[in-house]
Structure formats: structure tokens, C-alpha cells
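Colleague: Dropping in upload27.cif, with mmCIF, C-alpha atoms.
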data_run
loop_
_atom_site.label_atom_id
_atom_site.label_comp_id
_atom_site.auth_asym_id
_atom_site.auth_seq_id
_atom_site.Cartn_x
_atom_site.Cartn_y
_atom_site.Cartn_z
CA MET A 30 -10.03 -5.51 23.52
CA MET A 31 -8.40 -8.83 22.67
CA VAL A 32 -7.92 -9.31 18.96
CA MET A 33 -8.02 -12.96 18.01
CA PRO A 34 -5.98 -13.80 14.92
CA GLN A 35 -8.08 -15.19 12.10
CA GLN A 36 -7.06 -18.08 9.92
CA SER A 37 -5.49 -16.58 6.83
CA ASP A 38 -5.94 -17.75 3.24
CA PHE A 39 -2.37 -18.99 3.40
CA GLU A 40 -3.07 -21.06 6.51
CA ARG A 41 -6.15 -22.56 4.89
CA GLU A 42 -4.44 -23.32 1.59
CA PRO A 43 -0.65 -22.96 1.80
CA ASP A 44 1.18 -22.32 -1.45
CA ARG A 45 -1.89 -22.74 -3.66
CA HIS A 46 0.00 -20.86 -6.33
CA GLY A 47 3.15 -22.97 -5.99
CA LEU A 48 5.44 -19.98 -5.63
CA PHE A 49 7.69 -21.54 -3.01
CA GLU A 50 8.82 -24.36 -5.26
CA SER A 51 11.16 -22.09 -7.17
CA ALA A 52 12.39 -20.11 -4.17
CA PRO A 53 16.08 -21.12 -3.86
CA PRO A 54 17.41 -20.00 -7.28
CA LEU A 55 15.34 -16.82 -7.30
CA ALA A 56 15.53 -15.69 -3.70
CA SER A 57 18.13 -13.00 -4.34
CA VAL A 58 15.81 -11.23 -6.77
CA PHE A 59 12.39 -12.41 -5.62
CA ASP A 60 11.75 -13.83 -2.14
CA PRO A 61 8.35 -15.55 -2.23
CA GLU A 62 8.12 -15.97 1.55
CA LEU A 63 8.82 -12.30 2.15
CA ALA A 64 6.44 -11.41 -0.67
CA LEU A 65 3.61 -13.41 0.86
CA LYS A 66 4.25 -11.83 4.25
CA ARG A 67 4.15 -8.37 2.70
CA CYS A 68 0.92 -9.25 0.89
CA TYR A 69 -0.66 -9.81 4.30
CA SER A 70 -0.48 -13.60 3.81
CA ARG A 71 -2.99 -13.28 0.97
CA PRO A 72 -1.89 -15.53 -1.95
CA LYS A 73 -4.56 -13.90 -4.10
CA MET A 74 -3.01 -10.47 -3.56
CA LEU A 75 0.47 -11.81 -4.29
CA ALA A 76 -0.72 -13.51 -7.48
CA GLU A 77 -2.36 -10.25 -8.58
CA MET A 78 0.86 -8.33 -7.83
CA ILE A 79 2.86 -10.79 -9.90
CA ASP A 80 0.41 -10.71 -12.79
CA SER A 81 0.17 -6.92 -12.93
CA PHE A 82 3.88 -6.17 -12.41
CA PRO A 83 5.10 -6.32 -16.05
CA ALA A 84 2.37 -3.99 -17.33
CA GLU A 85 2.82 -1.66 -14.37
CA VAL A 86 6.55 -1.14 -14.89
CA ASP A 87 6.15 -0.95 -18.67
CA SER A 88 3.76 1.93 -18.06
CA LEU A 89 5.67 3.69 -15.27
CA PHE A 90 9.16 3.90 -16.79
CA PRO A 91 8.07 5.93 -19.85
CA GLN A 92 6.18 8.26 -17.47
CA MET A 93 9.28 8.55 -15.33
CA ARG A 94 11.49 9.42 -18.31
CA ALA A 95 8.91 11.91 -19.59
CA ALA A 96 8.94 13.59 -16.17
CA LEU A 97 12.74 13.64 -16.21
CA ALA A 98 12.74 15.22 -19.69
CA LYS A 99 10.55 18.02 -18.27
CA GLY A 100 12.88 18.41 -15.30
CA ASP A 101 10.10 17.32 -12.93
CA LEU A 102 12.17 15.44 -10.38
CA PRO A 103 9.43 15.35 -7.71
CA GLU A 104 7.23 13.45 -10.21
CA VAL A 105 10.13 11.09 -10.95
CA GLY A 106 10.36 10.48 -7.22
CA ARG A 107 6.62 9.95 -6.85
CA LEU A 108 6.66 7.34 -9.61
CA GLY A 109 9.69 5.73 -7.97
CA HIS A 110 7.74 5.56 -4.73
CA ARG A 111 4.91 3.85 -6.58
CA ILE A 112 7.29 1.21 -7.96
CA LYS A 113 8.82 0.80 -4.53
CA GLY A 114 5.41 -0.08 -3.11
CA THR A 115 4.98 -2.80 -5.69
CA VAL A 116 8.45 -4.35 -5.52
CA ALA A 117 8.38 -4.25 -1.71
CA CYS A 118 5.15 -6.27 -1.82
CA LEU A 119 6.94 -8.70 -4.15
CA GLY A 120 9.76 -9.25 -1.65
CA ALA A 121 12.25 -7.91 -4.20
CA GLU A 122 14.82 -6.25 -1.98
CA ARG A 123 17.33 -5.30 -4.69
CA ALA A 124 14.61 -3.60 -6.70
CA ARG A 125 13.25 -1.97 -3.56
CA GLU A 126 16.67 -0.50 -2.73
CA ALA A 127 16.96 0.84 -6.30
CA ALA A 128 13.47 2.32 -6.02
CA VAL A 129 14.40 4.06 -2.76
CA ARG A 130 17.15 5.90 -4.65
CA VAL A 131 14.63 7.09 -7.24
CA GLU A 132 12.02 7.92 -4.59
CA HIS A 133 14.61 10.23 -3.01
CA PHE A 134 14.03 12.75 -5.85
CA GLU A 135 10.48 13.38 -4.61
CA ARG A 136 11.85 15.57 -1.83
CA HIS A 137 15.48 16.23 -2.72
CA SER A 138 16.98 18.04 -5.69
CA SER A 139 19.60 16.40 -7.88
CA THR A 140 21.03 16.53 -11.38
CA ALA A 141 19.33 15.01 -14.42
CA ALA A 142 22.35 12.73 -14.91
CA GLU A 143 22.06 11.33 -11.38
CA ALA A 144 18.33 10.83 -11.84
CA GLU A 145 18.84 9.03 -15.17
CA GLN A 146 21.44 6.79 -13.56
CA ALA A 147 19.08 5.91 -10.71
CA ILE A 148 16.17 5.28 -13.11
CA SER A 149 18.33 3.00 -15.28
CA ALA A 150 19.49 1.04 -12.23
CA LEU A 151 15.88 0.59 -11.13
CA GLU A 152 14.81 -0.45 -14.62
CA GLN A 153 17.55 -3.08 -14.66
CA GLN A 154 16.37 -4.50 -11.34
CA CYS A 155 12.76 -4.50 -12.53
CA GLU A 156 13.72 -6.40 -15.69
CA ALA A 157 15.51 -9.00 -13.54
CA LEU A 158 12.44 -9.22 -11.34
CA LYS A 159 10.15 -9.65 -14.35
CA SER A 160 12.28 -12.61 -15.49
CA ALA A 161 12.31 -14.11 -12.00
CA LEU A 162 8.54 -13.79 -11.69
CA ALA A 163 8.01 -15.35 -15.11
CA THR A 164 10.23 -18.27 -14.08
CA ALA A 165 8.36 -18.66 -10.80
CA ARG A 166 5.04 -18.57 -12.62
CA ALA A 167 6.19 -21.17 -15.17
CA ALA A 168 7.45 -23.44 -12.39
CA SER A 169 4.13 -23.22 -10.55
CA ARG A 170 2.01 -24.21 -13.58
CA PRO A 171 0.89 -27.82 -13.75
CA PRO A 172 2.47 -29.77 -16.63
CA GLN A 173 0.43 -29.85 -19.86
CA SER A 174 -1.22 -33.19 -20.48
CA GLY A 175 -1.54 -34.86 -23.86
CA MET B 8 -26.46 -1.47 9.54
CA ASP B 9 -24.71 -2.81 12.61
CA GLN B 10 -23.95 0.29 14.73
CA SER B 11 -21.47 -1.62 16.90
CA ARG B 12 -19.00 -2.10 14.04
CA VAL B 13 -16.25 0.38 13.36
CA ARG B 14 -16.90 2.09 10.01
CA VAL B 15 -13.72 2.43 7.95
CA LEU B 16 -12.82 4.34 4.79
CA LEU B 17 -9.68 3.12 3.02
CA ALA B 18 -7.63 5.44 0.78
CA ASP B 19 -4.73 4.09 -1.31
CA ASP B 20 -3.85 4.76 -4.94
CA HIS B 21 -2.30 1.34 -5.57
CA PRO B 22 -5.24 -0.83 -6.69
CA THR B 23 -3.72 -4.18 -5.70
CA VAL B 24 -2.55 -2.95 -2.31
CA ARG B 25 -5.96 -1.35 -1.75
CA ARG B 26 -7.76 -4.59 -2.57
CA GLY B 27 -5.40 -6.54 -0.29
CA LEU B 28 -5.92 -4.13 2.59
CA ALA B 29 -9.65 -4.18 1.94
CA ASP B 30 -9.62 -7.97 2.31
CA VAL B 31 -7.69 -7.68 5.57
CA ILE B 32 -10.20 -5.17 6.91
CA ARG B 33 -13.27 -7.08 5.67
CA ASP B 34 -12.07 -10.26 7.38
CA GLU B 35 -12.45 -8.61 10.78
CA GLU B 36 -16.05 -8.91 11.88
CA GLY B 37 -15.86 -5.88 14.16
CA ILE B 38 -15.10 -3.61 11.20
CA GLU B 39 -17.29 -2.44 8.32
CA LEU B 40 -15.45 -1.21 5.24
CA VAL B 41 -17.75 1.57 4.04
CA GLY B 42 -15.68 2.93 1.14
CA GLN B 43 -12.47 2.90 -0.86
CA ALA B 44 -10.78 5.96 -2.35
CA SER B 45 -7.97 5.98 -4.91
CA ASP B 46 -6.57 9.45 -4.19
CA GLY B 47 -6.63 12.19 -1.57
CA LEU B 48 -9.40 14.26 -3.14
CA GLU B 49 -11.66 11.26 -3.45
CA ALA B 50 -10.89 10.41 0.18
CA VAL B 51 -12.00 13.89 1.30
CA GLU B 52 -15.22 13.68 -0.75
CA MET B 53 -16.03 10.17 0.49
CA ALA B 54 -15.27 11.12 4.10
CA ARG B 55 -17.75 14.03 3.86
CA LYS B 56 -20.42 11.72 2.50
CA LEU B 57 -19.80 8.58 4.54
CA ARG B 58 -18.56 10.05 7.84
CA PRO B 59 -16.47 7.02 8.78
CA ASP B 60 -15.20 6.37 12.29
CA VAL B 61 -11.70 5.67 10.96
CA ILE B 62 -9.90 6.56 7.75
CA VAL B 63 -6.90 4.48 6.74
CA MET B 64 -4.89 6.88 4.60
CA ASP B 65 -1.91 6.27 2.34
CA VAL B 66 0.60 9.15 2.31
CA SER B 67 1.69 9.29 -1.33
CA MET B 68 -1.31 9.66 -3.61
CA PRO B 69 -2.02 11.67 -6.77
CA ARG B 70 -4.16 14.85 -6.94
CA LEU B 71 -3.97 15.39 -3.17
CA ASP B 72 -1.52 13.60 -0.90
CA GLY B 73 -2.51 11.88 2.32
CA VAL B 74 -1.18 14.60 4.61
CA ALA B 75 -3.16 17.38 2.88
CA ALA B 76 -6.25 15.18 2.66
CA MET B 77 -5.98 14.40 6.34
CA ARG B 78 -5.74 18.10 7.25
CA ARG B 79 -8.96 18.82 5.31
CA ILE B 80 -10.78 15.87 6.84
CA ARG B 81 -9.68 16.70 10.36
CA ALA B 82 -10.86 20.30 9.89
CA GLU B 83 -14.30 19.25 8.65
CA LEU B 84 -14.84 15.99 10.53
CA PRO B 85 -12.84 16.17 13.74
CA ALA B 86 -14.37 13.01 15.16
CA SER B 87 -13.11 10.87 12.28
CA ARG B 88 -9.78 9.35 13.20
CA VAL B 89 -7.06 8.89 10.65
CA ILE B 90 -4.45 6.14 10.60
CA GLY B 91 -1.57 7.02 8.27
CA LEU B 92 -0.13 4.25 6.15
CA SER B 93 2.93 4.40 3.92
CA MET B 94 5.95 2.71 2.44
CA HIS B 95 8.13 5.70 3.32
CA GLU B 96 11.36 4.74 5.02
CA VAL B 97 11.86 7.64 7.31
CA ASP B 98 10.51 8.15 10.82
CA GLU B 99 10.03 11.79 9.89
CA MET B 100 6.93 10.88 7.90
CA GLY B 101 5.28 9.48 11.03
CA ARG B 102 5.85 12.79 12.79
CA VAL B 103 4.41 14.75 9.84
CA MET B 104 1.33 12.51 9.71
CA CYS B 105 0.74 12.76 13.45
CA GLU B 106 1.17 16.56 13.37
CA ALA B 107 -1.44 16.65 10.59
CA GLY B 108 -3.86 14.83 12.89
CA ALA B 109 -3.23 11.10 12.48
CA VAL B 110 -3.82 9.02 15.58
CA ALA B 111 -1.19 6.57 14.36
CA TYR B 112 1.19 5.88 11.52
CA LEU B 113 2.09 2.44 10.21
CA LYS B 114 4.42 1.15 7.54
CA LYS B 115 2.41 -0.75 4.93
CA ASP B 116 4.58 -3.82 4.87
CA GLU B 117 4.19 -4.39 8.59
CA ALA B 118 0.63 -3.36 8.90
CA ALA B 119 -1.93 -6.20 8.67
CA ASP B 120 -2.46 -7.42 12.24
CA THR B 121 -1.37 -4.14 13.77
CA LEU B 122 -3.72 -2.19 11.52
CA VAL B 123 -6.75 -4.26 12.48
CA ALA B 124 -5.91 -4.00 16.19
CA MET B 125 -5.36 -0.26 15.83
CA ILE B 126 -8.65 0.31 14.03
CA LEU B 127 -10.53 -1.57 16.75
CA ALA B 128 -8.65 0.13 19.56
CA GLN B 129 -8.68 3.69 18.28
CA ALA B 130 -12.27 3.98 17.19
CA ALA B 131 -14.99 3.82 19.76
CA PRO B 132 -18.15 3.74 17.63
CA HIS B 133 -20.12 6.96 17.77
CA GLY B 134 -23.04 8.68 16.10
CA HIS B 135 -22.25 9.76 12.56
CA GLU B 136 -24.71 12.65 12.42
CA ASP B 137 -23.18 14.36 15.43
CA GLN B 138 -19.45 14.61 14.93
CA VAL B 139 -17.89 16.24 17.96
CA THR B 140 -14.39 17.60 18.36
CA ASP B 141 -12.28 15.50 20.65
CA PRO B 142 -11.46 17.30 23.91
#
Before we go any further, please render this structure as C-alpha cells.
Modeller:
Amino acid sequence: MMVMPQQSDFEREPDRHGLFESAPPLASVFDPELALKRCYSRPKMLAEMIDSFPAEVDSLFPQMRAALAKGDLPEVGRLGHRIKGTVACLGAERAREAAVRVEHFERHSSTAAEAEQAISALEQQCEALKSALATARAASRPPQSG
Amino acid sequence: MDQSRVRVLLADDHPTVRRGLADVIRDEEGIELVGQASDGLEAVEMARKLRPDVIVMDVSMPRLDGVAAMRRIRAELPASRVIGLSMHEVDEMGRVMCEAGAVAYLKKDEAADTLVAMILAQAAPHGHEDQVTDP
């Protein structure tokens, strides 16, 4: 059966959210083009990912550290996998690579010190991503009138 | 209900990803999205109730992971076909999913067009009251 490609939201209304305008200075942390591709060319999905990211990571890191305190490395890894899914959708390759290192603990044993180091590195990348997303959001807002 | 459309159940614990995938699936007129599950146990329960033609199943989910959920579904509903979906890096996961009964395995970040084509290609519509084991 031939599958005809449908016109995507992006094709109908490219860059409705204005995310590409701030691409050059942020691309190393947040690549909007890659993000849109990974959100299936759905700007609405990308916007939702961006909006929910700060609350998601603020919730997941305490859970991750609580799991580490209990010595539950598979849970640390599962939560790392969850963050990886989000940052991959956001086209954040540095954060994704850091999340892969945390995800590793889902299936492989390690020391608590190594896990803490990997979690801290991921947290650092997520904080950088939060800042980049906030900047991108601010740049995409129309100027206030009056 | 249009019997010619492929009936799909989607299981993914990430709400935004699930909504995005649901939009992708809904946009294809040959597919009917009959349900969405947020973990493996819910996927098994919804599969029993809805008897979908195809289940699009994330691997890493709470309560029951996608591989275990798929094994249960394949044992109870052998005519339902499962497409595994994950962000996992390793090819090994594809082998595990296929050994558990998946007809295909896709990486989430590459999946949109391929997923739609795969759903349409893999699932010949069939009667939902009379699930028959594939030969």
C-alpha cells in the first residue's frame, strides 16, 4: 500500500512558535530544528515539551537522588531514561549524552559515587537546557505594546 | 465504526510523547486510535477490552515494562500485533522485543512516517471477536 505523506502542522504554519529565530547562539545546547524533527514536525508537541521541561526535571532529580540514597540503581537508570526521552525530543544532544550515562545504571551495576557523578553531570546539562529554552521562549514572544 | 480502518492501541508513559504520537496516528485516515495506556499493566487491560489490531508499545514503562506487557498480550491475544517503540540506543533491545513477539521495533525519534507505514502494512484488519493465532 502506498502511503501518501500528509501536510504536517509545520508545513502549514512554519515556525508559529518562533523557535528558529534564536537558533544560532543556542544550537549547541538546544537545536530547534532537530527538536521539531524529533517531535514529529508537530510545533504543538515541541511547545508542550518546552513548557513542561522545567517542572519535569525539577520533579525527577529529587526522585533520582532518593533512589540513589536507597541504592536502587535500576530506578536511577529508569528515571535517567525518562529524562533522555524528553531531552532527545528537545534536540538537546549534550543533555541526551549525559542522560545515556545515567540510563546505563538501569541494566548495569556501578558505585554510588559514579552514579552521583553521572546524575550531577546530567543535572548541569538540564540546567543549561532550561536556560536555553527560557531564552528561546523569550525571543519568540511578541514585544509588549504600550 | 469503520471496519476497514486499522484499530490501534498506543502505550507510552511519557504524556507529551504519547499525545504527539497520538496526533501522528490520528492524522492517518486509515487508522483508528482506539485507546491510550500510560503503563504496561494498563496496556494489557486495555488490550483485553479493546482487542486492537495493532499495539504500539513503549519499552520502558512503570508497573510493567513493554516487553513483559507484550508477552502477556501475545499469550492472550495472539492476533494483535505489537510494534515496539523506544529511545533505547542498543540494537539488542530490538532483538529482545522481537523475541517477545513484536512484529517490528522502531526508535522513537525516527518513528513518525515509518510508524504509520508499518501500522498500515503490518495489520490486515480482521474480526475482533475471533482472534486467531497466526500460523
Colleague: So how far away is CA of Gly108 in chain B from CA of Thr115 in chain A, in Å?
Modeller: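 Taking CA of Thr115 in chain A as the start and CA of Gly108 in chain B as the end point, the length is 27.1 Å.
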Colleague: Return the single residue from A:Leu108, A:Cys118, A:Ala64, A:Val86 that is closest to Lys114 in chain B, with distances computed using all atoms listed in the file.
Modeller: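 Distance minimum relative to Lys114 in chain B lands on A:Cys118.
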Colleague: With all atoms listed in the file as the basis for distance, which of A:Gly109, A:Gly120, A:Pro103, A:Pro72 is at the shortest distance from Asp30 in chain B?
Modeller: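 Closest to Asp30 in chain B of all the choices is A:Pro72.
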Colleague: Do you know which residues are at most 9 Å from Cys68 in chain A counting all atoms listed in the file, after dropping those on the same chain fewer than 5 positions away, and could you put them as a VMD selection string?
Modeller: (chain A and resid 63 73 to 75 78 118 to 119) or (chain B and resid 24 27 to 28 116 119)
Colleague: On this structure, which residues satisfy the PyMOL selection byres ((chain A) within 9 of (chain B)), written as a list in words?
Modeller: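 Selection result, ordered by chain and number: Met30, Met31, Val32, Pro34, Gln35, Lys66, Arg67, Cys68, Tyr69, Ser70, Arg71, Lys73, Met74, Leu75, Glu77, Met78, Ser81, Arg107, His110, Arg111, Lys113, Gly114, Thr115, Ala117, Cys118 and Val129 of chain A.
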Colleague: Could you please determine the separation between CA of Leu17 in chain B and CA of Asp87 in chain A in Å, to one decimal place?
Modeller: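 CA of Asp87 in chain A lies at a distance of 27.2 Å from CA of Leu17 in chain B.
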Colleague: Run the PyMOL selection byres ((chain A and resi 137-139) around 12) against the file shown and list the residues it catches, as a list in words.
Modeller: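 Output from the PyMOL selection byres ((chain A and resi 137-139) around 12), applied to this file: Leu97, Gly100, Asp101, Leu102, Pro103, Glu104, Val105, Gly106, Arg107, Arg130, Val131, Glu132, His133, Phe134, Glu135, Arg136, Thr140, Ala141, Ala142, Glu143, Ala144, Glu145, Gln146 and Ala147 of chain A.
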Colleague: What is the CA of Ala75 in chain B-CA of Gly42 in chain B distance in Å, reported with one decimal?
Modeller: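 Those two atoms sit 19.2 Å apart.
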Colleague: Kindly indicate which residue among B:Cys105, B:Glu52, B:Ala44, B:Arg58 lies nearest to Val74 in chain B, using all atoms listed in the file for the distances.
Modeller: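 Nearest to Val74 in chain B: B:Cys105.
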Colleague: Closest to Ser149 in chain A among A:Ala127, A:Leu89, A:Val58, A:Ala98, using all atoms listed in the file?
Modeller: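 With all atoms listed in the file as the atom set, the closest residue is A:Ala127.
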Colleague: List, as number ranges by chain, every residue that the PyMOL selection byres ((chain B and resi 39) around 9) selects in the file provided.
Modeller: B: 9, 12-16, 32-33, 35-38, 40-41
Colleague: Using only C-alpha atoms, which of B:Glu106, B:Glu83, B:Asp72, B:Asp19 sits nearest Lys56 in chain B?
Modeller: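 Answer, going by the shortest atom-to-atom distance: B:Glu83.
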Colleague: Compare B:Ala29, B:Val89, B:Glu99, B:Met104 by their minimum atom-to-atom distance to Ile62 in chain B, counting all atoms listed in the file, and give me the closest one.
Modeller: B:Val89
Colleague: Taking all atoms of range 17-24 of chain B that the file lists, what box with edges along x, y and z, padded by 4 Å per side, do you get, with centre and edge lengths in Å to one decimal, as JSON?
Modeller:
{"center_x": -6.0, "center_y": 0.6, "center_z": -1.8, "size_x": 15.4, "size_y": 17.6, "size_z": 17.7}
